[in-house]
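One structure below.
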Amino acid sequence: MKNNRILRLITGIVLLALFVFVLISTVRNYDPARLMRDAQPVEVTVTVEVTVPVPEPQQETPAPEETAETAPVSAPDPESPEGRAAALGLPAPPDVDVSGWEFILANADHSIETYAPPEIETLEGQQFDTRIIEPMKAFVAAARAEGLSVFLSSGYRDYATQQYLYNRKISQGYTPEQAATIVLPPGTSEHQTGLVCDITDQYYDPKDWTVLEKTALYQWMSEHCQEYGFIVRYPKNKSGLSADEAKNSVTGIIYEPWHYRYVGVEAATYIMENEICLEEFLALYE
Ligand SMILES: [Zn+2]
């Protein structure tokens with residue numbers, strides 16, 4: 001039994017020594033260069049495309065020519081309609097004769113006294129200067145073709161009628177100053193020119209802008225009026241929303257989305273597109 005154990009011990013030592021010898025030989029014989037030599041050669045083809053940028057012939061930068069073409073455009077005369085418009089950031093205004101009948105101005109600062117249109121014609125119960133009957137008919141017909149309910153509420157009012165309306169406001173408790181922002185004193189109402197019409201949807205209160213401006217009638221008519229030569233005469237951005245506000249506004253009266261004024265297609269287009277009022281338009285030509 002004892003001999004047997006010694007024999008196993010010797011065998012174990014011999015095997016261990018043999019393993020260590022093999023390991024050391026392997027490490028000593030490791031030669032990467034030889035491994036490379038013995039390996040199969042591998043052909044590697046590397047294609048490198050090289051694009052050499054060819055400089056394009058230099059384009060000559062043209063020197064700024066000092067000719068009339070590149071010289072600054074001379075500014076319009078500041079005393080001309082173009083110059084006054086440019087100073088306000090507006091495009092050149094149309095070439096119109098503001099002394100013509102389409103441009104009669106009636107406001108608190110500009111009385112037309114006892115002026116009356118040369119000829120008056122009645123349309124749907126309202127009177128107008130005969131010269132705006134055709135444009136008015138076309139405007140109203142176009143709105144009706146859109147399915148809108150158009151009601152001609154008030155046209156020409158003569159001096160005496162305006163006197164009556166103004167006096168009536170005062171009798172209702174307004175001061176003359178307050179009354180003047182709602183019903184203009186005789187001679188200063190645009191209704192006396194015969195070139196205007198209060199247009200309402202017959203189903204709505206004509207004197208309530210908060211209601212009227214939301215109607216499809218107002219939305220369509222205010223968008224298309226210039227195509228027929230009319231303007232929204234007292235627009236929201238140039239008038240007051242109350243009697244007190246009106247006093248300090250450009251037009252001097254309350255916002256009236258029902259009140260359309262004829263000025264001709266050219267002037268109306270300019271006024272509506274540039275969101276100005278008649279006073280501001282006429283000031284360009286002074
Ligand atoms: Zn009116």
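Chain identifiers are assigned as A, B, and so on, following the order in which chains appear in the structure tokens; residues are numbered from 1 within each chain, and ligands are numbered from 1 in order of appearance.
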
Kindly provide, as a count of residues only, all nucleotide and amino acid residues lying within 9 Å of ligand 1, counting only C-alpha atoms and all ligand atoms. 18

Hey, which bits of range 74-140 of chain A sit within 6 Å of range 156-170 of chain A, and for each residue what's the closest pair of atoms and how far apart in Å (one decimal), counting only C-alpha atoms, rows by chain and increasing number, as a Markdown table?
| residue | atom | partner | partner_atom | distance |
| --- | --- | --- | --- | --- |
| A:Thr114 | CA | A:Tyr159 | CA | 6.0 |
| A:Gln127 | CA | A:Tyr156 | CA | 5.1 |
| A:Phe128 | CA | A:Tyr156 | CA | 5.3 |

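Coordinates place CA of Phe230 in chain A at a distance of 6.7 Å from CA of Gly264 in chain A.
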
Can you tell me, as number ranges by chain, which residues in range 194-278 of chain A count as strand (DSSP E or B) by DSSP? A: 196-200, 230-234, 240, 254, 256-262

Keeping only N, CA and C atoms, write those residues as a short mmCIF file (atom, residue, chain, number, x, y, z; two decimals), in the first residue's frame.
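The resulting again.cif:
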data_model
loop_
_atom_site.label_atom_id
_atom_site.label_comp_id
_atom_site.auth_asym_id
_atom_site.auth_seq_id
_atom_site.Cartn_x
_atom_site.Cartn_y
_atom_site.Cartn_z
N VAL A 196 -72.87 108.89 -49.97
CA VAL A 196 -72.73 107.83 -48.97
C VAL A 196 -74.02 107.06 -48.76
N CYS A 197 -73.83 105.89 -48.14
CA CYS A 197 -74.98 105.10 -47.76
C CYS A 197 -74.66 104.29 -46.52
N ASP A 198 -75.57 104.33 -45.54
CA ASP A 198 -75.46 103.42 -44.40
C ASP A 198 -76.09 102.12 -44.86
N ILE A 199 -75.30 101.06 -44.86
CA ILE A 199 -75.79 99.76 -45.32
C ILE A 199 -75.78 98.80 -44.14
N THR A 200 -76.92 98.20 -43.91
CA THR A 200 -77.01 97.25 -42.79
C THR A 200 -77.70 95.98 -43.26
N PHE A 230 -66.13 102.25 -53.31
CA PHE A 230 -66.55 102.68 -51.97
C PHE A 230 -65.49 102.35 -50.91
N ILE A 231 -65.53 103.12 -49.82
CA ILE A 231 -64.64 102.86 -48.68
C ILE A 231 -65.48 102.76 -47.41
N VAL A 232 -64.94 102.04 -46.42
CA VAL A 232 -65.51 102.08 -45.06
C VAL A 232 -64.99 103.42 -44.52
N ARG A 233 -65.89 104.40 -44.43
CA ARG A 233 -65.46 105.79 -44.20
C ARG A 233 -64.92 106.04 -42.79
N TYR A 234 -65.49 105.36 -41.80
CA TYR A 234 -65.05 105.58 -40.42
C TYR A 234 -64.56 104.25 -39.84
N GLY A 240 -63.46 106.41 -33.09
CA GLY A 240 -63.60 106.05 -31.69
C GLY A 240 -64.60 104.94 -31.48
N ILE A 254 -67.52 108.25 -34.23
CA ILE A 254 -67.46 106.85 -33.79
C ILE A 254 -67.29 105.90 -34.98
N GLU A 256 -68.04 103.35 -37.57
CA GLU A 256 -69.33 103.06 -38.21
C GLU A 256 -69.14 102.03 -39.32
N PRO A 257 -69.23 100.75 -38.99
CA PRO A 257 -69.04 99.73 -40.04
C PRO A 257 -70.18 99.69 -41.07
N TRP A 258 -71.20 100.50 -40.87
CA TRP A 258 -72.33 100.53 -41.81
C TRP A 258 -72.21 101.64 -42.86
N HIS A 259 -71.29 102.58 -42.65
CA HIS A 259 -71.24 103.79 -43.47
C HIS A 259 -70.21 103.67 -44.61
N TYR A 260 -70.71 103.60 -45.85
CA TYR A 260 -69.86 103.50 -47.04
C TYR A 260 -69.88 104.81 -47.81
N ARG A 261 -68.71 105.19 -48.30
CA ARG A 261 -68.57 106.46 -49.02
C ARG A 261 -67.95 106.19 -50.38
N TYR A 262 -68.50 106.84 -51.42
CA TYR A 262 -67.95 106.69 -52.76
C TYR A 262 -66.80 107.66 -52.98
#

Picked from range 93-279 of chain A by DSSP as helix (DSSP H, G or I), as a VMD selection string: chain A and resid 101 to 103 130 to 145 159 to 171 176 to 182 190 to 193 209 to 212 216 to 228 236 to 238 243 to 247 265 to 273 278 to 279

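One distance worth recording is that between CA of Pro91 in chain A and CA of Ser74 in chain A, which is 15.5 Å.
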
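Here CA of Glu146 in chain A stands at a distance of 28.5 Å from CA of Ser239 in chain A.
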
Top pick for closest residue to Lys207 in chain A, considering A:Gly147, A:Ile182, A:Ile253, A:Thr269 and counting only C-alpha atoms: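 Smallest separation from Lys207 in chain A among the options: A:Ile182.
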
Please provide as a ChimeraX atom specification all residues within 12 Å of Thr215 in chain A, with the sequence filter that same-chain residues fewer than 3 positions apart are discarded (counting only C-alpha atoms). /A:148-150,199-206,208-212,218-222,257-258

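Shortest separation to Lys247 in chain A among A:Ala86, A:Ala179, A:Ile133, A:Leu123 occurs at residue A:Ala179, atoms counted being only C-alpha atoms.
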
Residue neighbourhood Leu278 in chain A, 12 Å, only C-alpha atoms, exclusion window fewer than 2 positions, as a ChimeraX atom specification: /A:98,102-107,190,230-235,238-239,250-252,260-263,267-272,274-276,280-285

Hey, which of A:Met136, A:Ile120, A:Ala143, A:Leu184 ends up closest to Ala216 in chain A? Count only C-alpha atoms. A:Ala143

Identify, on the basis of only C-alpha atoms, every residue whose closest approach to Ala92 in chain A does not exceed 9 Å; exclude the query and any residue fewer than 2 positions from it along the same chain; express the result as a PyMOL selection string. chain A and resi 81-86+90+94-95
